[in-house]
Every structure is written in structure tokens, then in C-alpha cells.
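First the structure, in the form of C-alpha cells, and then the observations on it.
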Amino acid sequence: MSDSGQQTPLVFVHGSGDSARSWAQVIDALPDIPCVALDLPGHGALIEQPGPDSPSVSDYAAFVRAEIERRGLMGARVVGHSLGGAIALQLTLDAPEMITGVALVGTGARLRVLPELLAAAQEDPAALHELAGFGFAPGHEDARERFLRELEPLAPGALYRDLAACDAFDCRAELERITCPALIVVGTEDRLTPPKYAAFLRDSLPHTTLVEIAGAGHYLSYEAPELLAATLRDWQTQTLS
Ligand code: COA
């Protein structure tokens, strides 16, 4: 294992209605790798800076790009969950020179959202409970409770804006332009971004490693944080040494 490989920073981008906080358990398990977890506008520490009224995944990717520049993290690898994975893909398409790899966790190249979830999010910010109801695998109720307990406050409308950005996202036709190494991680019980989305990414991207986490659902950073961290570390070791 080369030191330079391990030292390549990981920049974490959260999913819809979530915040940097969602990566805490994963990052705790990676003390040897420099990790930075971002809050998207309107989330977590950025609750007072909601950003555009109807952000697209491209808008969020531009935000992440600016943060990487501002923090001097050029050449980092971007780890994205769900919406965050879409953002990572878009960033790789828009600024391939900025990042050296993407880890796509519970995500896909197209992220249509169940109409009832979208409608619920528009009416009620507590719709995250509904999302969590779909998102956690059976047997992971404790992880779901922790997720709901630890949620950071959101700017009004942020969950709906996130889900609408997901719903409009589709980069399937562009995947062949992505050349950097990609790690794809999916829970076998993920109902929000099912394993077929991960298989599509594996089949469409040139340098991929696909890892399926048995028995886990969509919220891998809560349902299997240590396994996810070990998967990220192995990927760093195998593809950067
Ligand atoms: N990667 C590869 N293929 C994808 C894809 C992805 N990310 N997303 C959709 N497709 C494919 C489907 O496999 C399907 O192909 P097929 O016709 O050959 O089977 C086709 O595109 C149509 O997709 P689908 O999503 O089934 O469209 P739909 O309009 O019939 O269904 C939903 C819409 C919302 C019901 C469905 O997308 C879904 O269940 N989504 C997951 C639930 C959700 O809300 N997730 C939240 C994500 S943030």
C-alpha cells in the first residue's frame, strides 16, 4: 500500500434531506484517510444558505466543485450517497480534471422518485420518515431510529428540492465519458436505488468495482458503516497503490 494512495482525500456528499452528519460513523472508521464531509446548501451547517429555488444536480455539482477548490482538495475522490452519488457523477462529467475517482453509494445514473414520496415531501417536511420507511432494510430498525434521531434541521422545502433534483436527473447516456475509477456500493435490499441501478453503472463505466452489502438497504452509512468504511479503504488501497 502506498502512503500517497491512502492520503488521497475523500470528499463525502450526502443524500436527499440529509447532511454531512450522515457520514460520521464511516469517517470515524477511517482515521488513516483524510475525509471531508460537505453539507449541501440548505442542509446542516448551511441551513441559512439554501441556494437556488429549484436546484438541479448540476447546480449541486457546481457547489461541490467550488468547495473542493476553496478547500484545496483538487485530486480528491468523491463519495456520494443517493443524490450525492448523482452529484459525484455529474461533477465527474463536468470537471473530470478535478477528481481522481468516485464512490457511488446507493445511487444510480437516473433517479426517478416515487410520485407519492415527491408529493409527500412537497406537503410535509416530515416526509423523511416516509423515505426512511422505504429506505432501511428489515431488521435495521435501530439504524433507522438513529438516522431519524440524528437528522440535522433543514431549510424549508429542502427535502422536496432534493427529491425534485433527483427526479430530473438522468446521465445514463453520458456514462461512457467517465474514465476515472468508480466504486459502486449497494445494499442487496435497497428499494430506493435497487441493485439493478448499480449493475447498470458497473456495465457502463470502464473501471469499476461493485460491492453488494448483503441484507442492507439504502442507508448504508447507518446500516453498515464499518463495512462501508472497509470497502472504501480497500478500494483506495487497490486502485491507488
Ligand atoms: N439505471 C439504469 N436503468 C434505470 C435506472 C437507473 N438508475 N433508472 C431507471 N432505469 C430503467 C429501468 O430499469 C427501466 O428499464 P426497463 O423498462 O427496461 O425495465 C426504465 O429505466 C424505466 O425506469 P423506471 O424507474 O422503472 O421508470 P418508471 O417511470 O416506470 O418508474 C418509479 C418510476 C419512481 C416507480 C421507479 O423509478 C422507482 O421505483 N424508483 C425507486 C423509488 C424511489 O423513489 N427512489 C428514490 C430515489 S432518490
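FYI, nothing fancy with the C-alpha cells labels: chains A, B, ... in order, residues from 1 per chain, ligands from 1 as they appear.
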
Name all residues at most 12 Å from stretch 119-121 of chain A (count only C-alpha atoms; drop same-chain ones fewer than 5 positions away) and give them as a tab-separated table (two decimals) with N, CA and C atoms, in the first residue's frame.
```tsv
chain	number	residue	atom	x	y	z
A	16	SER	N	-30.54	13.06	-0.17
A	16	SER	CA	-31.69	13.97	-0.02
A	16	SER	C	-32.10	14.14	1.44
A	17	GLY	N	-32.25	15.39	1.85
A	17	GLY	CA	-32.74	15.69	3.19
A	17	GLY	C	-31.76	15.36	4.29
A	113	VAL	N	-38.18	9.39	-8.76
A	113	VAL	CA	-38.69	9.28	-7.38
A	113	VAL	C	-40.16	8.89	-7.43
A	114	LEU	N	-40.54	7.99	-6.53
A	114	LEU	CA	-41.94	7.60	-6.43
A	114	LEU	C	-42.81	8.85	-6.30
A	126	ALA	N	-41.77	16.34	7.25
A	126	ALA	CA	-41.57	15.08	7.98
A	126	ALA	C	-41.61	13.87	7.04
A	127	ALA	N	-41.74	14.14	5.73
A	127	ALA	CA	-41.76	13.04	4.76
A	127	ALA	C	-40.46	12.23	4.78
A	128	LEU	N	-39.45	12.77	5.40
A	128	LEU	CA	-38.20	11.99	5.53
A	128	LEU	C	-38.47	10.69	6.27
A	129	HIS	N	-39.44	10.70	7.16
A	129	HIS	CA	-39.79	9.47	7.88
A	129	HIS	C	-40.31	8.43	6.89
A	130	GLU	N	-41.05	8.93	5.89
A	130	GLU	CA	-41.58	8.03	4.87
A	130	GLU	C	-40.44	7.44	4.03
A	131	LEU	N	-39.50	8.32	3.68
A	131	LEU	CA	-38.33	7.89	2.91
A	131	LEU	C	-37.55	6.84	3.69
A	156	PRO	N	-36.54	25.24	4.91
A	156	PRO	CA	-37.88	24.90	4.42
A	156	PRO	C	-37.82	24.48	2.94
A	157	GLY	N	-38.46	23.37	2.63
A	157	GLY	CA	-38.53	22.93	1.24
A	157	GLY	C	-37.31	22.17	0.74
A	158	ALA	N	-36.31	22.01	1.59
A	158	ALA	CA	-35.05	21.41	1.11
A	158	ALA	C	-35.24	19.96	0.67
A	159	LEU	N	-36.03	19.19	1.42
A	159	LEU	CA	-36.22	17.78	1.04
A	159	LEU	C	-36.89	17.69	-0.33
A	160	TYR	N	-37.91	18.51	-0.53
A	160	TYR	CA	-38.60	18.49	-1.83
A	160	TYR	C	-37.64	18.91	-2.94
A	161	ARG	N	-36.85	19.93	-2.70
A	161	ARG	CA	-35.91	20.38	-3.74
A	161	ARG	C	-34.92	19.27	-4.09
A	162	ASP	N	-34.46	18.56	-3.07
A	162	ASP	CA	-33.52	17.47	-3.31
A	162	ASP	C	-34.16	16.37	-4.16
A	163	LEU	N	-35.37	15.98	-3.75
A	163	LEU	CA	-36.03	14.87	-4.46
A	163	LEU	C	-36.40	15.28	-5.89
A	164	ALA	N	-36.78	16.55	-6.07
A	164	ALA	CA	-37.09	17.02	-7.42
A	164	ALA	C	-35.82	17.01	-8.29
```

A:Val57 surroundings by only C-alpha atoms, 10 Å radius, close-in-sequence under 4 positions cut, as a ChimeraX atom specification = /A:61-63,83-91,162,164-170

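Distances here use only C-alpha atoms and all ligand atoms; by that measure, the residue among A:Pro138, A:Gly217, A:Gly15, A:Gly44 closest to ligand 1 is A:Gly15.
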
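The residues of stretch 42-74 of chain A that DSSP classifies as alpha helix (DSSP H), using the backbone of this structure, are Val57, Ser58, Asp59, Tyr60, Ala61, Ala62, Phe63, Val64, Arg65, Ala66, Glu67, Ile68, Glu69 and Arg70 of chain A.
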
Taking N, CA and C atoms for each residue, export the selection above as an mmCIF file, in the first residue's frame.
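Output file selection-v8.cif is given in full below:
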```cif
data_model
loop_
_atom_site.group_PDB
_atom_site.id
_atom_site.type_symbol
_atom_site.label_atom_id
_atom_site.label_comp_id
_atom_site.auth_asym_id
_atom_site.auth_seq_id
_atom_site.Cartn_x
_atom_site.Cartn_y
_atom_site.Cartn_z
ATOM 1 N N VAL A 57 -29.185 18.774 -10.133
ATOM 2 C CA VAL A 57 -27.973 18.047 -9.728
ATOM 3 C C VAL A 57 -26.739 18.807 -10.225
ATOM 4 N N SER A 58 -26.830 19.437 -11.392
ATOM 5 C CA SER A 58 -25.685 20.227 -11.896
ATOM 6 C C SER A 58 -25.376 21.406 -10.977
ATOM 7 N N ASP A 59 -26.420 22.051 -10.454
ATOM 8 C CA ASP A 59 -26.179 23.161 -9.515
ATOM 9 C C ASP A 59 -25.448 22.650 -8.274
ATOM 10 N N TYR A 60 -25.914 21.534 -7.752
ATOM 11 C CA TYR A 60 -25.243 20.981 -6.571
ATOM 12 C C TYR A 60 -23.808 20.572 -6.912
ATOM 13 N N ALA A 61 -23.599 20.033 -8.116
ATOM 14 C CA ALA A 61 -22.236 19.651 -8.512
ATOM 15 C C ALA A 61 -21.336 20.885 -8.592
ATOM 16 N N ALA A 62 -21.905 21.995 -9.057
ATOM 17 C CA ALA A 62 -21.109 23.232 -9.125
ATOM 18 C C ALA A 62 -20.736 23.691 -7.714
ATOM 19 N N PHE A 63 -21.660 23.510 -6.778
ATOM 20 C CA PHE A 63 -21.361 23.864 -5.380
ATOM 21 C C PHE A 63 -20.208 23.000 -4.850
ATOM 22 N N VAL A 64 -20.285 21.685 -5.090
ATOM 23 C CA VAL A 64 -19.238 20.779 -4.589
ATOM 24 C C VAL A 64 -17.897 21.118 -5.256
ATOM 25 N N ARG A 65 -17.953 21.408 -6.523
ATOM 26 C CA ARG A 65 -16.730 21.788 -7.244
ATOM 27 C C ARG A 65 -16.088 23.025 -6.594
ATOM 28 N N ALA A 66 -16.917 24.020 -6.294
ATOM 29 C CA ALA A 66 -16.394 25.245 -5.664
ATOM 30 C C ALA A 66 -15.818 24.941 -4.282
ATOM 31 N N GLU A 67 -16.466 24.048 -3.548
ATOM 32 C CA GLU A 67 -15.950 23.684 -2.213
ATOM 33 C C GLU A 67 -14.602 22.966 -2.332
ATOM 34 N N ILE A 68 -14.482 22.087 -3.307
ATOM 35 C CA ILE A 68 -13.214 21.366 -3.496
ATOM 36 C C ILE A 68 -12.105 22.367 -3.821
ATOM 37 N N GLU A 69 -12.417 23.343 -4.657
ATOM 38 C CA GLU A 69 -11.419 24.364 -4.992
ATOM 39 C C GLU A 69 -11.077 25.206 -3.763
ATOM 40 N N ARG A 70 -12.123 25.647 -3.075
ATOM 41 C CA ARG A 70 -11.930 26.535 -1.915
ATOM 42 C C ARG A 70 -11.106 25.862 -0.820
#
```

Which chains and residue numbers are within 6 Å of ligand 1, counting only C-alpha atoms and all ligand atoms, if I want them as number ranges by chain?
-> A: 82, 108-114, 166, 192-193, 197, 200

Could you name the residues that touch A:Ala37 at 9 Å or less, counting only C-alpha atoms, but leaving out those on the same chain fewer than 2 positions away, as a CSV table (one decimal) with all heavy atoms, in the first residue's frame?
```csv
chain,number,residue,atom,x,y,z
A,10,LEU,N,-10.9,11.9,0.7
A,10,LEU,CA,-12.2,11.5,0.3
A,10,LEU,C,-13.2,12.7,0.7
A,10,LEU,O,-13.2,13.1,1.8
A,10,LEU,CB,-12.7,10.2,1.0
A,10,LEU,CG,-11.9,9.0,0.7
A,10,LEU,CD1,-12.4,7.8,1.6
A,10,LEU,CD2,-12.0,8.6,-0.8
A,11,VAL,N,-13.9,13.1,-0.3
A,11,VAL,CA,-14.9,14.2,0.0
A,11,VAL,C,-16.3,13.5,-0.1
A,11,VAL,O,-16.7,12.9,-1.1
A,11,VAL,CB,-14.8,15.3,-1.1
A,11,VAL,CG1,-15.9,16.3,-1.0
A,11,VAL,CG2,-13.4,16.0,-1.0
A,12,PHE,N,-17.0,13.6,1.0
A,12,PHE,CA,-18.3,12.9,1.1
A,12,PHE,C,-19.5,13.9,0.9
A,12,PHE,O,-19.5,15.0,1.4
A,12,PHE,CB,-18.5,12.3,2.5
A,12,PHE,CG,-17.5,11.2,2.9
A,12,PHE,CD1,-16.2,11.4,3.2
A,12,PHE,CD2,-18.0,9.9,2.8
A,12,PHE,CE1,-15.3,10.4,3.5
A,12,PHE,CE2,-17.1,8.8,3.1
A,12,PHE,CZ,-15.8,9.1,3.4
A,13,VAL,N,-20.4,13.4,0.1
A,13,VAL,CA,-21.6,14.2,-0.3
A,13,VAL,C,-22.9,13.4,0.1
A,13,VAL,O,-23.0,12.3,-0.4
A,13,VAL,CB,-21.6,14.6,-1.8
A,13,VAL,CG1,-22.8,15.5,-2.1
A,13,VAL,CG2,-20.3,15.2,-2.2
A,14,HIS,N,-23.7,14.0,0.9
A,14,HIS,CA,-24.9,13.3,1.5
A,14,HIS,C,-26.0,13.2,0.5
A,14,HIS,O,-26.0,13.9,-0.6
A,14,HIS,CB,-25.3,14.0,2.8
A,14,HIS,CG,-25.7,15.4,2.6
A,14,HIS,ND1,-27.0,15.8,2.1
A,14,HIS,CD2,-25.1,16.6,2.8
A,14,HIS,CE1,-27.1,17.1,2.1
A,14,HIS,NE2,-26.0,17.6,2.5
A,19,SER,N,-27.4,15.3,5.7
A,19,SER,CA,-26.4,16.3,6.0
A,19,SER,C,-25.1,15.6,6.1
A,19,SER,O,-25.0,14.3,6.1
A,19,SER,CB,-26.7,17.1,7.3
A,19,SER,OG,-26.5,16.2,8.4
A,20,ALA,N,-24.0,16.4,6.3
A,20,ALA,CA,-22.7,15.8,6.5
A,20,ALA,C,-22.7,14.8,7.6
A,20,ALA,O,-21.9,13.9,7.6
A,20,ALA,CB,-21.7,17.0,6.7
A,21,ARG,N,-23.5,15.1,8.6
A,21,ARG,CA,-23.6,14.2,9.8
A,21,ARG,C,-23.8,12.7,9.4
A,21,ARG,O,-23.4,11.9,10.2
A,21,ARG,CB,-24.8,14.7,10.6
A,21,ARG,CG,-25.1,13.9,11.9
A,21,ARG,CD,-24.1,14.3,12.9
A,21,ARG,NE,-24.2,13.4,14.1
A,21,ARG,CZ,-23.8,12.1,14.2
A,21,ARG,NH1,-23.2,11.6,13.1
A,21,ARG,NH2,-24.0,11.4,15.3
A,22,SER,N,-24.4,12.5,8.3
A,22,SER,CA,-24.7,11.1,7.9
A,22,SER,C,-23.5,10.2,7.7
A,22,SER,O,-23.6,9.0,7.8
A,22,SER,CB,-25.6,11.1,6.7
A,22,SER,OG,-24.9,11.6,5.6
A,23,TRP,N,-22.3,10.9,7.5
A,23,TRP,CA,-21.1,10.1,7.3
A,23,TRP,C,-20.3,9.9,8.5
A,23,TRP,O,-19.2,9.3,8.5
A,23,TRP,CB,-20.3,10.8,6.3
A,23,TRP,CG,-20.9,11.0,4.9
A,23,TRP,CD1,-21.4,12.2,4.4
A,23,TRP,CD2,-21.1,10.0,3.9
A,23,TRP,NE1,-22.0,11.9,3.1
A,23,TRP,CE2,-21.8,10.6,2.8
A,23,TRP,CE3,-20.8,8.6,3.9
A,23,TRP,CZ2,-22.2,9.9,1.7
A,23,TRP,CZ3,-21.2,7.9,2.7
A,23,TRP,CH2,-21.9,8.5,1.7
A,24,ALA,N,-20.8,10.4,9.7
A,24,ALA,CA,-19.9,10.4,10.9
A,24,ALA,C,-19.4,9.0,11.2
A,24,ALA,O,-18.2,8.8,11.5
A,24,ALA,CB,-20.7,11.0,12.1
A,27,ILE,N,-16.7,7.9,8.7
A,27,ILE,CA,-15.4,8.7,8.8
A,27,ILE,C,-14.7,8.3,10.1
A,27,ILE,O,-13.5,8.2,10.1
A,27,ILE,CB,-15.7,10.2,8.7
A,27,ILE,CG1,-16.2,10.5,7.3
A,27,ILE,CG2,-14.5,11.0,9.1
A,27,ILE,CD1,-16.6,11.9,7.0
A,35,CYS,N,-10.6,12.8,5.4
A,35,CYS,CA,-12.0,12.8,5.0
A,35,CYS,C,-12.6,14.1,5.2
A,35,CYS,O,-12.4,14.7,6.3
A,35,CYS,CB,-12.8,11.7,5.8
A,35,CYS,SG,-12.3,10.0,5.4
A,39,ASP,N,-21.8,19.7,3.7
A,39,ASP,CA,-23.2,20.0,3.8
A,39,ASP,C,-23.6,20.7,2.5
A,39,ASP,O,-22.9,21.6,2.1
A,39,ASP,CB,-23.6,20.9,4.9
A,39,ASP,CG,-23.6,20.2,6.3
A,39,ASP,OD1,-24.3,19.2,6.4
A,39,ASP,OD2,-23.0,20.8,7.2
```

List the neighbours of A:Leu201 out to 10 Å using only C-alpha atoms; skip same-chain residues closer than 2 positions along the sequence, and give me the result as a PyMOL selection string.
-> chain A and resi 104+107-109+172+175+182-184+195-199+203-206+208-210

Residue among A:Val79, A:Ile47, A:Cys180, A:Ala216 lying closest to A:Thr92, counting only C-alpha atoms | A:Cys180

Within 8 Å of stretch 139-144 of chain A, counting only C-alpha atoms, which residues show up once you throw out same-chain ones fewer than 2 positions away? Write them as a PyMOL selection string, please.
-> chain A and resi 132+136-137+146-148+216+222-223

I need the chosen residues saved as a PDB file, in the first residue's frame, with N, CA, C and O atoms.
```pdb
ATOM      1  N   ALA A 132     -37.386   7.111   4.982  1.00  0.00           N
ATOM      2  CA  ALA A 132     -36.658   6.155   5.826  1.00  0.00           C
ATOM      3  C   ALA A 132     -37.411   4.838   5.930  1.00  0.00           C
ATOM      4  O   ALA A 132     -36.805   3.766   5.997  1.00  0.00           O
ATOM      5  N   PHE A 136     -34.708   1.734   4.802  1.00  0.00           N
ATOM      6  CA  PHE A 136     -33.955   0.814   5.658  1.00  0.00           C
ATOM      7  C   PHE A 136     -34.449  -0.612   5.459  1.00  0.00           C
ATOM      8  O   PHE A 136     -35.651  -0.853   5.302  1.00  0.00           O
ATOM      9  N   ALA A 137     -33.526  -1.546   5.484  1.00  0.00           N
ATOM     10  CA  ALA A 137     -33.892  -2.951   5.297  1.00  0.00           C
ATOM     11  C   ALA A 137     -34.544  -3.489   6.571  1.00  0.00           C
ATOM     12  O   ALA A 137     -34.272  -2.992   7.673  1.00  0.00           O
ATOM     13  N   ARG A 146     -31.844   5.702  14.729  1.00  0.00           N
ATOM     14  CA  ARG A 146     -30.669   6.572  14.899  1.00  0.00           C
ATOM     15  C   ARG A 146     -30.644   7.645  13.805  1.00  0.00           C
ATOM     16  O   ARG A 146     -30.383   8.822  14.072  1.00  0.00           O
ATOM     17  N   PHE A 147     -30.907   7.216  12.565  1.00  0.00           N
ATOM     18  CA  PHE A 147     -30.952   8.153  11.433  1.00  0.00           C
ATOM     19  C   PHE A 147     -31.943   9.280  11.710  1.00  0.00           C
ATOM     20  O   PHE A 147     -31.624  10.467  11.574  1.00  0.00           O
ATOM     21  N   LEU A 148     -33.144   8.907  12.152  1.00  0.00           N
ATOM     22  CA  LEU A 148     -34.173   9.923  12.379  1.00  0.00           C
ATOM     23  C   LEU A 148     -33.818  10.817  13.566  1.00  0.00           C
ATOM     24  O   LEU A 148     -34.052  12.023  13.551  1.00  0.00           O
ATOM     25  N   ALA A 216     -28.505  -5.217   3.561  1.00  0.00           N
ATOM     26  CA  ALA A 216     -28.624  -3.784   3.844  1.00  0.00           C
ATOM     27  C   ALA A 216     -29.530  -3.122   2.818  1.00  0.00           C
ATOM     28  O   ALA A 216     -29.702  -3.609   1.697  1.00  0.00           O
ATOM     29  N   TYR A 222     -25.609   4.199   7.722  1.00  0.00           N
ATOM     30  CA  TYR A 222     -26.201   3.875   9.019  1.00  0.00           C
ATOM     31  C   TYR A 222     -26.348   2.372   9.210  1.00  0.00           C
ATOM     32  O   TYR A 222     -26.213   1.860  10.308  1.00  0.00           O
ATOM     33  N   GLU A 223     -26.663   1.668   8.118  1.00  0.00           N
ATOM     34  CA  GLU A 223     -26.948   0.237   8.248  1.00  0.00           C
ATOM     35  C   GLU A 223     -25.683  -0.613   8.299  1.00  0.00           C
ATOM     36  O   GLU A 223     -25.686  -1.691   8.888  1.00  0.00           O
TER      37      GLU A 223
END
```

A:Ala214: which residues within 8 Å, counting only C-alpha atoms, same-chain residues fewer than 3 positions away excluded, as a PyMOL selection string?
-> chain A and resi 187-189

Once you have the residues from the selection above, write them out as a PDB file, in the first residue's frame, restricted to N, CA, C and O atoms.
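Everything below was put into result.pdb:
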```
ATOM      1  N   GLY A 187     -26.757  -1.897  -1.227  1.00  0.00           N
ATOM      2  CA  GLY A 187     -27.334  -2.900  -0.339  1.00  0.00           C
ATOM      3  C   GLY A 187     -28.233  -3.822  -1.146  1.00  0.00           C
ATOM      4  O   GLY A 187     -28.984  -3.348  -2.008  1.00  0.00           O
ATOM      5  N   THR A 188     -28.171  -5.096  -0.854  1.00  0.00           N
ATOM      6  CA  THR A 188     -28.990  -6.036  -1.643  1.00  0.00           C
ATOM      7  C   THR A 188     -30.489  -5.783  -1.448  1.00  0.00           C
ATOM      8  O   THR A 188     -31.293  -6.171  -2.283  1.00  0.00           O
ATOM      9  N   GLU A 189     -30.846  -5.120  -0.338  1.00  0.00           N
ATOM     10  CA  GLU A 189     -32.270  -4.862  -0.058  1.00  0.00           C
ATOM     11  C   GLU A 189     -32.666  -3.408  -0.330  1.00  0.00           C
ATOM     12  O   GLU A 189     -33.686  -2.941   0.182  1.00  0.00           O
TER      13      GLU A 189
END
```

Write out as a VMD selection string which residues come within 8 Å of A:Leu220 when counting only C-alpha atoms, dropping same-chain ones fewer than 5 positions away.
-> chain A and resid 105 to 106 186 to 187 225 228

With N, CA and C atoms retained, export the selected residues as a CSV table (one decimal), in the first residue's frame.
```
chain,number,residue,atom,x,y,z
A,105,VAL,N,-22.5,5.3,-3.8
A,105,VAL,CA,-23.1,4.5,-2.7
A,105,VAL,C,-24.6,4.7,-2.8
A,106,GLY,N,-25.3,3.6,-3.0
A,106,GLY,CA,-26.8,3.6,-3.1
A,106,GLY,C,-27.3,4.7,-4.0
A,186,VAL,N,-23.8,-1.1,-3.1
A,186,VAL,CA,-25.3,-1.1,-3.0
A,186,VAL,C,-25.7,-2.2,-1.9
A,187,GLY,N,-26.8,-1.9,-1.2
A,187,GLY,CA,-27.3,-2.9,-0.3
A,187,GLY,C,-28.2,-3.8,-1.1
A,225,PRO,N,-22.0,0.9,8.5
A,225,PRO,CA,-21.0,1.9,8.4
A,225,PRO,C,-19.6,1.3,8.4
A,228,LEU,N,-18.9,-0.3,5.1
A,228,LEU,CA,-18.8,0.7,4.0
A,228,LEU,C,-17.4,1.3,4.1
```

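Of the listed residues (A:Leu117, A:Ile178, A:Val185, A:Ala155), A:Ala155 comes nearest to A:Gly51; the distances count only C-alpha atoms.
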
Identify, with DSSP run on backbone atoms, the residues in stretch 138-201 of chain A assigned to strand (DSSP E or B), and express the list as a list in words.
-> Leu154, Asp170, Ala182, Leu183, Ile184, Val185, Val186 and Gly187 of chain A

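A straight line drawn from atom CA of A:Leu38 to atom CA of A:His81 is 11.9 Å long.
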